[in-house]
>>> print(open('upload07.txt').read())   # compact mmCIF, C-alpha atoms and all ligand atoms
# COMPACT_ATOMS: atom_id res chain seq x y z
CA MET A 821 59.59 28.57 13.57
CA SER A 822 59.53 30.11 10.04
CA ASP A 823 56.60 32.38 9.08
CA SER A 824 55.39 29.93 6.45
CA ARG A 825 55.55 27.02 8.94
CA ARG A 826 53.63 29.09 11.53
CA GLU A 827 51.02 29.97 8.87
CA PHE A 828 50.72 26.29 7.93
CA MET A 829 50.26 25.31 11.59
CA GLN A 830 47.52 27.95 11.99
CA ILE A 831 45.68 26.75 8.88
CA ALA A 832 46.05 23.13 9.99
CA SER A 833 44.77 23.96 13.45
CA SER A 834 41.72 25.87 12.10
CA ALA A 835 41.00 23.01 9.69
CA GLY A 836 41.25 20.59 12.62
CA ALA A 837 38.88 22.76 14.64
CA LEU A 838 36.44 22.91 11.72
CA ALA A 839 36.55 19.15 11.27
CA ALA A 840 36.05 18.69 15.00
CA THR A 841 33.05 21.06 14.92
CA SER A 842 31.45 19.15 12.08
CA MET A 843 32.11 15.82 13.83
CA LEU A 844 30.73 17.25 17.05
CA SER A 845 27.55 18.36 15.33
CA HIS A 846 27.03 14.84 14.00
CA GLN A 847 27.81 13.34 17.40
CA ALA A 848 25.52 15.88 19.02
CA ILE A 849 22.66 14.67 16.83
CA ALA A 850 23.47 11.11 17.86
CA GLN A 851 23.85 11.84 21.56
CA GLN A 852 21.29 14.52 22.33
CA ARG A 853 18.35 12.62 20.92
CA PRO A 854 18.14 8.97 21.92
CA SER A 855 17.31 6.63 19.04
CA LYS A 856 14.00 4.87 18.74
CA ILE A 857 12.78 2.14 16.41
CA VAL A 858 11.39 3.65 13.23
CA ALA A 859 10.98 2.44 9.64
CA ILE A 860 9.98 4.57 6.65
CA SER A 861 9.10 3.50 3.13
CA SER A 862 7.44 4.62 -0.07
CA GLY A 863 3.64 4.42 -0.36
CA ASN A 864 3.79 0.78 -1.44
CA GLY A 865 5.74 -0.11 1.71
CA VAL A 866 3.21 -0.61 4.51
CA PRO A 867 3.96 -4.37 4.56
CA ALA A 868 7.68 -3.56 4.40
CA VAL A 869 7.75 -1.23 7.43
CA THR A 870 5.47 -3.60 9.35
CA LYS A 871 7.83 -6.53 8.73
CA ALA A 872 10.95 -4.43 9.36
CA VAL A 873 9.78 -3.25 12.78
CA GLU A 874 8.53 -6.74 13.71
CA LEU A 875 12.05 -8.10 13.04
CA ILE A 876 13.83 -5.20 14.74
CA ARG A 877 11.77 -5.86 17.85
CA THR A 878 13.17 -9.39 17.92
CA GLY A 879 16.71 -7.94 17.84
CA ALA A 880 17.39 -7.93 14.09
CA ASP A 881 19.89 -5.54 12.56
CA ALA A 882 18.10 -2.83 10.56
CA ILE A 883 19.66 -4.02 7.30
CA ASP A 884 18.18 -7.51 7.60
CA ALA A 885 14.87 -5.99 8.66
CA VAL A 886 14.52 -3.59 5.71
CA ILE A 887 15.55 -6.28 3.20
CA ALA A 888 13.00 -8.75 4.62
CA GLY A 889 10.44 -5.92 4.41
CA VAL A 890 10.99 -5.11 0.75
CA ASN A 891 11.22 -8.82 -0.15
CA ILE A 892 7.45 -8.96 0.45
CA VAL A 893 6.95 -6.37 -2.30
CA GLU A 894 9.60 -7.92 -4.59
CA ASP A 895 7.68 -11.20 -4.38
CA ASP A 896 4.29 -9.56 -5.03
CA PRO A 897 3.21 -10.03 -8.69
CA ASN A 898 0.70 -7.20 -8.30
CA ASP A 899 3.34 -4.54 -7.70
CA THR A 900 4.46 -3.89 -11.27
CA SER A 901 7.33 -1.62 -10.24
CA VAL A 902 9.43 -4.01 -8.17
CA GLY A 903 10.84 -7.55 -8.47
CA TYR A 904 8.62 -10.38 -9.73
CA GLY A 905 5.86 -8.92 -11.92
CA GLY A 906 7.80 -5.69 -12.55
CA LEU A 907 7.22 -4.12 -15.98
CA PRO A 908 9.93 -5.13 -18.47
CA ASN A 909 12.34 -3.20 -20.68
CA GLU A 910 11.49 -2.39 -24.29
CA ASP A 911 12.43 -5.95 -25.34
CA GLY A 912 9.98 -7.45 -22.86
CA VAL A 913 12.70 -8.53 -20.41
CA VAL A 914 12.47 -7.66 -16.70
CA GLU A 915 15.68 -5.99 -15.49
CA LEU A 916 15.99 -5.20 -11.78
CA ASP A 917 18.11 -2.69 -9.84
CA ALA A 918 18.66 -2.73 -6.06
CA ALA A 919 21.02 -1.47 -3.40
CA VAL A 920 21.49 -1.78 0.35
CA MET A 921 23.52 0.33 2.77
CA HIS A 922 24.54 -0.54 6.32
CA GLY A 923 25.12 2.46 8.56
CA PRO A 924 27.09 0.90 11.47
CA THR A 925 29.85 -0.39 9.13
CA HIS A 926 29.31 2.20 6.38
CA ARG A 927 29.24 -0.48 3.70
CA ALA A 928 26.98 -0.90 0.70
CA GLY A 929 26.22 -3.37 -2.06
CA SER A 930 24.20 -3.06 -5.24
CA VAL A 931 23.17 -4.74 -8.47
CA ALA A 932 21.90 -3.24 -11.71
CA SER A 933 20.22 -4.65 -14.81
CA LEU A 934 19.88 -8.01 -13.06
CA ARG A 935 17.68 -10.48 -14.96
CA ASN A 936 15.84 -13.61 -13.79
CA ILE A 937 16.39 -13.17 -10.02
CA LYS A 938 13.35 -11.87 -8.18
CA ASN A 939 15.04 -10.59 -5.02
CA PRO A 940 17.80 -8.26 -6.20
CA SER A 941 17.99 -6.72 -2.73
CA LYS A 942 19.24 -10.06 -1.35
CA VAL A 943 21.90 -10.19 -4.07
CA ALA A 944 22.89 -6.58 -3.28
CA LYS A 945 23.42 -7.60 0.37
CA LEU A 946 25.64 -10.47 -0.79
CA VAL A 947 27.68 -8.08 -2.95
CA MET A 948 28.24 -6.10 0.26
CA ASP A 949 28.99 -9.12 2.48
CA ARG A 950 30.74 -11.51 0.12
CA SER A 951 32.72 -9.41 -2.34
CA ASP A 952 35.19 -6.57 -2.25
CA HIS A 953 32.96 -4.60 -4.63
CA VAL A 954 29.99 -2.29 -4.26
CA LEU A 955 28.18 -2.57 -7.60
CA LEU A 956 27.77 -5.53 -9.98
CA VAL A 957 25.81 -5.22 -13.22
CA GLY A 958 24.12 -7.37 -15.85
CA ASN A 959 25.50 -10.79 -16.57
CA GLY A 960 28.23 -10.41 -13.93
CA ALA A 961 25.58 -9.76 -11.29
CA LEU A 962 23.56 -12.76 -12.49
CA ARG A 963 26.60 -15.06 -12.39
CA PHE A 964 27.43 -13.82 -8.89
CA ALA A 965 23.85 -14.52 -7.76
CA LYS A 966 23.91 -18.02 -9.27
CA ALA A 967 27.26 -18.74 -7.64
CA HIS A 968 25.51 -18.02 -4.34
CA GLY A 969 22.72 -20.46 -5.13
CA PHE A 970 20.00 -18.18 -6.50
CA ALA A 971 17.77 -19.92 -9.02
CA GLU A 972 16.91 -18.20 -12.29
CA GLU A 973 13.19 -17.77 -12.95
CA ASN A 974 10.97 -16.01 -15.44
CA LEU A 975 9.93 -12.72 -13.83
CA LEU A 976 7.57 -11.63 -16.58
CA THR A 977 4.00 -12.17 -15.42
CA GLN A 978 1.08 -12.40 -17.83
CA ARG A 979 -0.16 -9.01 -16.63
CA ALA A 980 3.22 -7.28 -17.18
CA ARG A 981 3.65 -8.95 -20.60
CA GLU A 982 0.23 -7.77 -21.76
CA GLU A 983 0.95 -4.22 -20.57
CA TRP A 984 4.31 -4.28 -22.37
CA LEU A 985 2.62 -5.54 -25.53
CA ARG A 986 0.06 -2.70 -25.43
CA TRP A 987 2.92 -0.20 -25.07
CA LYS A 988 4.88 -1.80 -27.91
CA GLU A 989 1.88 -1.63 -30.19
CA ARG A 990 1.74 2.16 -29.68
CA LEU A 991 5.51 2.48 -29.69
CA SER A 992 6.03 5.21 -32.23
CA THR A 993 5.62 8.12 -29.82
CA LYS A 994 6.43 6.56 -26.48
CA ASP A 995 9.95 5.19 -26.48
CA ASP A 996 13.15 6.67 -25.05
CA TRP A 997 15.05 7.10 -28.30
CA LEU A 998 15.52 10.78 -29.08
CA PRO A 999 16.74 12.52 -32.21
CA ALA A 1000 19.50 15.12 -31.83
CA HIS A 1001 17.94 18.15 -30.14
CA SER A 1002 18.76 21.38 -28.34
CA PRO A 1003 17.98 22.35 -24.73
CA ASP A 1004 15.19 24.62 -26.01
CA ASP A 1005 13.34 21.98 -28.04
CA ALA A 1006 9.99 21.13 -26.48
CA ASP A 1007 8.58 18.66 -28.98
CA VAL A 1008 11.22 15.97 -28.96
CA GLY A 1009 9.45 12.66 -29.33
CA VAL A 1010 6.53 12.51 -26.92
CA PHE A 1011 8.29 12.43 -23.61
CA ALA A 1012 5.47 12.44 -21.06
CA PRO A 1013 7.67 10.93 -18.33
CA TYR A 1014 5.16 11.98 -15.71
CA HIS A 1015 2.69 9.58 -17.24
CA ARG A 1016 5.18 6.73 -17.68
CA HIS A 1017 5.05 4.02 -15.08
CA THR A 1018 7.72 4.39 -12.39
CA GLY A 1019 7.46 2.70 -9.06
CA THR A 1020 10.20 1.37 -6.80
CA ILE A 1021 10.30 0.75 -3.07
CA HIS A 1022 12.68 2.36 -0.61
CA CYS A 1023 12.87 1.43 3.08
CA SER A 1024 15.08 2.97 5.81
CA ALA A 1025 15.04 1.90 9.45
CA ILE A 1026 16.65 2.40 12.85
CA ASP A 1027 17.17 -0.71 14.94
CA SER A 1028 17.21 -1.13 18.70
CA LYS A 1029 20.97 -0.44 18.85
CA GLY A 1030 20.50 2.83 16.96
CA GLY A 1031 21.90 1.32 13.76
CA LEU A 1032 20.61 2.87 10.53
CA SER A 1033 20.25 0.95 7.28
CA CYS A 1034 18.39 1.26 4.01
CA VAL A 1035 17.42 -0.52 0.81
CA THR A 1036 15.97 0.55 -2.54
CA THR A 1037 14.75 -1.99 -5.10
CA THR A 1038 12.97 -1.58 -8.44
CA SER A 1039 12.24 -2.88 -11.91
CA GLY A 1040 13.01 0.67 -13.04
CA LEU A 1041 11.32 2.72 -15.70
CA ALA A 1042 8.80 0.63 -17.62
CA PHE A 1043 9.87 -0.21 -21.18
CA LYS A 1044 13.31 1.36 -20.72
CA ILE A 1045 16.14 0.90 -23.19
CA PRO A 1046 17.79 -2.43 -22.19
CA GLY A 1047 20.70 -1.74 -19.86
CA ARG A 1048 19.20 1.50 -18.55
CA VAL A 1049 20.11 1.91 -14.88
CA GLY A 1050 18.15 4.30 -12.69
CA ASP A 1051 18.99 5.91 -9.38
CA SER A 1052 17.93 3.00 -7.15
CA PRO A 1053 21.20 1.01 -7.19
CA ILE A 1054 23.43 4.09 -7.06
CA ILE A 1055 24.74 4.82 -3.58
CA GLY A 1056 24.19 8.51 -2.82
CA ALA A 1057 21.38 8.84 -5.37
CA GLY A 1058 18.72 6.16 -4.70
CA LEU A 1059 19.70 5.72 -1.05
CA TYR A 1060 22.31 6.75 1.48
CA CYS A 1061 22.84 6.55 5.21
CA ASP A 1062 25.32 7.93 7.69
CA ASN A 1063 25.03 6.17 11.01
CA GLU A 1064 25.63 9.39 12.94
CA ILE A 1065 23.06 11.44 11.04
CA GLY A 1066 20.26 9.61 9.25
CA SER A 1067 19.11 7.70 6.20
CA ALA A 1068 17.31 8.64 2.97
CA GLY A 1069 16.05 7.21 -0.28
CA SER A 1070 14.01 7.99 -3.35
CA THR A 1071 11.40 6.88 -5.85
CA GLY A 1072 10.31 8.49 -9.10
CA ARG A 1073 12.23 9.66 -12.17
CA GLY A 1074 15.67 8.18 -11.60
CA GLU A 1075 17.39 10.25 -14.26
CA ALA A 1076 16.59 13.47 -12.35
CA ASN A 1077 17.85 12.01 -9.11
CA LEU A 1078 21.03 10.61 -10.68
CA LEU A 1079 21.90 14.14 -11.77
CA ASN A 1080 21.48 15.44 -8.23
CA CYS A 1081 22.70 12.66 -5.88
CA SER A 1082 19.76 13.55 -3.69
CA SER A 1083 19.92 10.87 -0.99
CA MET A 1084 23.41 11.88 0.08
CA PHE A 1085 22.37 15.53 -0.20
CA ILE A 1086 19.40 14.90 2.14
CA VAL A 1087 21.55 13.14 4.75
CA GLU A 1088 24.14 15.93 4.61
CA GLN A 1089 21.38 18.55 4.93
CA MET A 1090 20.09 16.76 8.05
CA GLY A 1091 23.67 16.77 9.36
CA MET A 1092 23.66 20.54 8.98
CA GLY A 1093 20.47 20.92 10.97
CA LYS A 1094 17.52 20.53 8.60
CA THR A 1095 14.64 18.30 9.67
CA PRO A 1096 14.08 15.22 7.46
CA GLU A 1097 11.09 16.95 5.86
CA GLN A 1098 13.02 20.17 5.19
CA ALA A 1099 15.92 18.15 3.75
CA CYS A 1100 13.57 16.24 1.41
CA LEU A 1101 11.99 19.51 0.24
CA ALA A 1102 15.46 21.00 -0.35
CA ALA A 1103 16.30 18.00 -2.57
CA CYS A 1104 13.08 18.61 -4.56
CA GLU A 1105 13.98 22.30 -4.98
CA ARG A 1106 17.46 21.37 -6.18
CA ILE A 1107 16.05 19.07 -8.86
CA VAL A 1108 13.64 21.78 -10.04
CA LYS A 1109 16.50 24.30 -10.19
CA HIS A 1110 18.69 21.90 -12.14
CA THR A 1111 16.03 20.86 -14.67
CA LYS A 1112 17.09 22.93 -17.68
CA MET A 1113 15.97 20.90 -20.69
CA ARG A 1114 12.79 22.29 -22.26
CA ARG A 1115 11.55 18.82 -23.20
CA LEU A 1116 11.47 17.89 -19.48
CA LYS A 1117 9.30 20.83 -18.50
CA LYS A 1118 5.59 21.58 -18.59
CA PRO A 1119 4.45 24.74 -20.39
CA ASP A 1120 4.53 26.59 -17.02
CA GLY A 1121 8.23 25.74 -16.62
CA LYS A 1122 7.80 23.20 -13.83
CA PRO A 1123 9.25 19.69 -14.30
CA ASP A 1124 7.08 17.26 -16.25
CA PHE A 1125 7.91 14.44 -13.82
CA ASN A 1126 7.84 13.63 -10.15
CA VAL A 1127 10.44 12.47 -7.63
CA SER A 1128 9.76 11.54 -3.98
CA PHE A 1129 12.12 11.33 -1.03
CA TYR A 1130 11.92 9.58 2.35
CA ALA A 1131 14.20 10.33 5.29
CA ILE A 1132 14.72 9.44 8.93
CA ARG A 1133 17.07 11.14 11.33
CA LYS A 1134 19.16 9.33 13.93
CA ASP A 1135 16.70 10.29 16.68
CA GLY A 1136 13.68 8.81 14.86
CA GLU A 1137 12.32 12.07 13.38
CA PHE A 1138 11.06 11.35 9.86
CA GLY A 1139 9.76 13.11 6.76
CA SER A 1140 8.93 12.76 3.09
CA ALA A 1141 8.46 15.16 0.20
CA SER A 1142 7.82 15.11 -3.54
CA ILE A 1143 8.03 17.75 -6.23
CA PHE A 1144 4.29 17.32 -6.92
CA SER A 1145 1.52 16.39 -4.48
CA GLY A 1146 0.04 12.93 -4.51
CA PRO A 1147 2.59 10.39 -3.30
CA LYS A 1148 2.10 8.99 0.17
CA PHE A 1149 4.70 7.38 2.38
CA ALA A 1150 4.57 4.48 4.81
CA ILE A 1151 5.87 4.96 8.32
CA HIS A 1152 6.11 2.71 11.35
CA ASP A 1153 6.85 4.88 14.37
CA GLY A 1154 7.46 1.94 16.70
CA ASN A 1155 3.78 1.80 17.66
CA GLN A 1156 1.92 1.38 14.39
CA ALA A 1157 2.27 1.41 10.60
CA MET A 1158 0.59 4.32 8.82
CA LEU A 1159 0.22 5.68 5.32
CA LEU A 1160 0.70 9.47 5.38
CA ASP A 1161 0.73 12.31 2.85
CA GLY A 1162 4.20 13.62 2.17
CA LYS A 1163 4.93 17.33 1.70
CA HIS A 1164 5.26 18.77 -1.80
CA LEU A 1165 6.53 21.81 -3.65
CA TYR A 1166 3.60 22.06 -6.10
CA LYS A 1167 0.02 20.88 -6.18
CA THR A 1168 -0.51 18.36 -8.99
N1 LIG B 1 13.57 5.55 -9.35
C1 LIG B 1 13.58 4.35 -10.05
C2 LIG B 1 14.06 4.43 -11.41
O1 LIG B 1 14.04 5.50 -12.02
O2 LIG B 1 14.51 3.42 -11.94
>>> encode(input="upload07.txt", output="structure tokens")
Amino acid sequence: MSDSRREFMQIASSAGALAATSMLSHQAIAQQRPSKIVAISSGNGVPAVTKAVELIRTGADAIDAVIAGVNIVEDDPNDTSVGYGGLPNEDGVVELDAAVMHGPTHRAGSVASLRNIKNPSKVAKLVMDRSDHVLLVGNGALRFAKAHGFAEENLLTQRAREEWLRWKERLSTKDDWLPAHSPDDADVGVFAPYHRHTGTIHCSAIDSKGGLSCVTTTSGLAFKIPGRVGDSPIIGAGLYCDNEIGSAGSTGRGEANLLNCSSMFIVEQMGMGKTPEQACLAACERIVKHTKMRRLKKPDGKPDFNVSFYAIRKDGEFGSASIFSGPKFAIHDGNQAMLLDGKHLYKT
């Protein structure tokens, strides 16, 4: 055998060993800790985790369970961050984003800027099941939904319209249009993203077969520029699961999360040994480190926004963390649904 061929064989065999080690560590997580039924969600998700676990107990796949869970919140006119009753874009039109991911088959589906359909998470599931695509946007997503029998309806409630109107009347300093500016400019428009309404619901669950799945659904940033897409429908950012490791998702300022692909990061961090809570905190730290623009920072240099993460590991261990204190998370540990305080990097 030539020297170069021998060298190649050695490299190939070490690469194979490395790959095997990494696969083994994932399998070890799966095998050493038996799965149990668990569902986690954002603070608005107590009804979602309750429904998800109820369905899982009857034998449902986790993906159907988490979607049925968040449908309750999508249908709720009083949650102004998700589905029907969500706050509209700057033109007064409700635009919804949602995505689902199914761990056992490692498939996903998502929709963005979808108008007039109140359950975007159901449409996202159809994109996964009934198309060869992963993400459909805008009019294409609407036409796809209608082809599958979804009825168009007005999603703008009286309450959301009145809130939009109040915002529009004070528009001059509170929109998303920015003049040209440098990274060091602090006074660019009046950004105040921390005080802008963001909401969203994420839900991840483990079913009785150990299958992991997740969903994230939102009306996005209130009064956004039409066509703005946040992190929620982006696989790897707003949600991600790996059936051998765990599942994660996010709420909060989508732009920050889009720039950091945090949900995939969290799952990979769990795969390398971090607990769900440690992995969520690591994602928060990464966002802080990567926030360079002066206009996005408070005078003390910390971000002027919040992002929250939720994660479950294959064995049922769970955790949640935010950059700033305050957000709670909903958990059903198989026995009961609870609303708990997540960890944080900084006190609000
Ligand atoms: N995290 C939801 C959004 O920014 O649209």
>>> residues_near_point(input="upload07.txt", point="(7.8, 16.3, 8.4)", cutoff="9 Å", atoms="all atoms listed in the file", output="ChimeraX atom specification")
/A:1095-1098,1137-1141,1162-1163
>>> atom_distance(input="upload07.txt", atom1="atom CA of Gly1040 of chain A", atom2="atom CA of Val957 of chain A")
14.1 Å
>>> closest_residue(input="upload07.txt", among="A:Asp1135, A:Glu972, A:Glu894, A:Asp881", to="Thr925 of chain A", atoms="all atoms listed in the file")
A:Asp881
>>> residues_around(input="upload07.txt", residues="segment 933-944 of chain A", least_positions_apart="5", cutoff="7 Å", atoms="all atoms listed in the file", output="JSON, numbers by chain")
{"A": [887, 891, 894, 895, 903, 904, 914, 915, 916, 917, 918, 919, 920, 957, 958, 961, 962, 965, 971, 972, 973, 974, 975, 1037, 1047, 1049]}
>>> axis_aligned_box(input="upload07.txt", around="ligand LIG 1 (chain B)", padding_each_side="8 Å", output="JSON")
{"center_x": 14.0, "center_y": 4.5, "center_z": -10.7, "size_x": 16.9, "size_y": 18.1, "size_z": 18.7}
>>> atom_distance(input="upload07.txt", atom1="atom CA of Met1092 of chain A", atom2="atom CA of Gly923 of chain A")
18.1 Å
>>> residues_near_ligand(input="upload07.txt", ligand="ligand LIG 1 (chain B)", cutoff="9 Å", atoms="all atoms listed in the file", output="ChimeraX atom specification")
/A:901,916-917,1018-1021,1036-1042,1048-1053,1058,1070-1078,1127-1128
>>> closest_residue(input="upload07.txt", among="A:Pro908, A:Gly1136, A:Pro897, A:Pro1119", to="Gly1154 of chain A", atoms="all atoms listed in the file")
A:Gly1136
>>> decode(input="upload07.txt", residues="segment 854-871 of chain A", atoms="N, CA and C atoms", output="PDB file, in the first residue's frame")
ATOM      1  N   PRO A 854     -34.207   5.802  30.389  1.00  0.00           N
ATOM      2  CA  PRO A 854     -35.471   5.488  29.725  1.00  0.00           C
ATOM      3  C   PRO A 854     -36.363   6.714  29.597  1.00  0.00           C
ATOM      4  N   SER A 855     -37.077   6.824  28.470  1.00  0.00           N
ATOM      5  CA  SER A 855     -37.921   7.995  28.236  1.00  0.00           C
ATOM      6  C   SER A 855     -39.144   7.979  29.133  1.00  0.00           C
ATOM      7  N   LYS A 856     -39.636   9.195  29.441  1.00  0.00           N
ATOM      8  CA  LYS A 856     -40.924   9.268  30.115  1.00  0.00           C
ATOM      9  C   LYS A 856     -41.731  10.378  29.458  1.00  0.00           C
ATOM     10  N   ILE A 857     -43.023  10.364  29.675  1.00  0.00           N
ATOM     11  CA  ILE A 857     -43.884  11.357  29.033  1.00  0.00           C
ATOM     12  C   ILE A 857     -43.660  12.711  29.694  1.00  0.00           C
ATOM     13  N   VAL A 858     -43.309  13.690  28.865  1.00  0.00           N
ATOM     14  CA  VAL A 858     -43.084  15.048  29.353  1.00  0.00           C
ATOM     15  C   VAL A 858     -43.500  16.019  28.250  1.00  0.00           C
ATOM     16  N   ALA A 859     -44.072  17.150  28.629  1.00  0.00           N
ATOM     17  CA  ALA A 859     -44.322  18.223  27.653  1.00  0.00           C
ATOM     18  C   ALA A 859     -43.918  19.539  28.288  1.00  0.00           C
ATOM     19  N   ILE A 860     -43.216  20.375  27.499  1.00  0.00           N
ATOM     20  CA  ILE A 860     -42.792  21.688  27.990  1.00  0.00           C
ATOM     21  C   ILE A 860     -43.342  22.752  27.062  1.00  0.00           C
ATOM     22  N   SER A 861     -43.587  23.940  27.589  1.00  0.00           N
ATOM     23  CA  SER A 861     -44.102  25.021  26.758  1.00  0.00           C
ATOM     24  C   SER A 861     -43.711  26.356  27.373  1.00  0.00           C
ATOM     25  N   SER A 862     -43.968  27.413  26.626  1.00  0.00           N
ATOM     26  CA  SER A 862     -43.775  28.759  27.142  1.00  0.00           C
ATOM     27  C   SER A 862     -44.825  29.044  28.223  1.00  0.00           C
ATOM     28  N   GLY A 863     -44.703  30.192  28.887  1.00  0.00           N
ATOM     29  CA  GLY A 863     -45.565  30.496  30.027  1.00  0.00           C
ATOM     30  C   GLY A 863     -47.041  30.529  29.698  1.00  0.00           C
ATOM     31  N   ASN A 864     -47.382  30.755  28.426  1.00  0.00           N
ATOM     32  CA  ASN A 864     -48.791  30.765  28.023  1.00  0.00           C
ATOM     33  C   ASN A 864     -49.285  29.360  27.656  1.00  0.00           C
ATOM     34  N   GLY A 865     -48.480  28.326  27.985  1.00  0.00           N
ATOM     35  CA  GLY A 865     -48.787  26.990  27.462  1.00  0.00           C
ATOM     36  C   GLY A 865     -49.270  25.973  28.469  1.00  0.00           C
ATOM     37  N   VAL A 866     -49.806  26.406  29.620  1.00  0.00           N
ATOM     38  CA  VAL A 866     -50.347  25.392  30.552  1.00  0.00           C
ATOM     39  C   VAL A 866     -51.450  24.558  29.889  1.00  0.00           C
ATOM     40  N   PRO A 867     -52.421  25.211  29.181  1.00  0.00           N
ATOM     41  CA  PRO A 867     -53.423  24.370  28.509  1.00  0.00           C
ATOM     42  C   PRO A 867     -52.805  23.488  27.436  1.00  0.00           C
ATOM     43  N   ALA A 868     -51.734  23.955  26.815  1.00  0.00           N
ATOM     44  CA  ALA A 868     -51.105  23.180  25.733  1.00  0.00           C
ATOM     45  C   ALA A 868     -50.442  21.919  26.281  1.00  0.00           C
ATOM     46  N   VAL A 869     -49.665  22.042  27.370  1.00  0.00           N
ATOM     47  CA  VAL A 869     -49.000  20.840  27.895  1.00  0.00           C
ATOM     48  C   VAL A 869     -50.024  19.879  28.505  1.00  0.00           C
ATOM     49  N   THR A 870     -51.089  20.453  29.068  1.00  0.00           N
ATOM     50  CA  THR A 870     -52.132  19.599  29.662  1.00  0.00           C
ATOM     51  C   THR A 870     -52.777  18.744  28.575  1.00  0.00           C
ATOM     52  N   LYS A 871     -53.138  19.416  27.469  1.00  0.00           N
ATOM     53  CA  LYS A 871     -53.769  18.700  26.346  1.00  0.00           C
ATOM     54  C   LYS A 871     -52.796  17.693  25.734  1.00  0.00           C
TER      55      LYS A 871
END
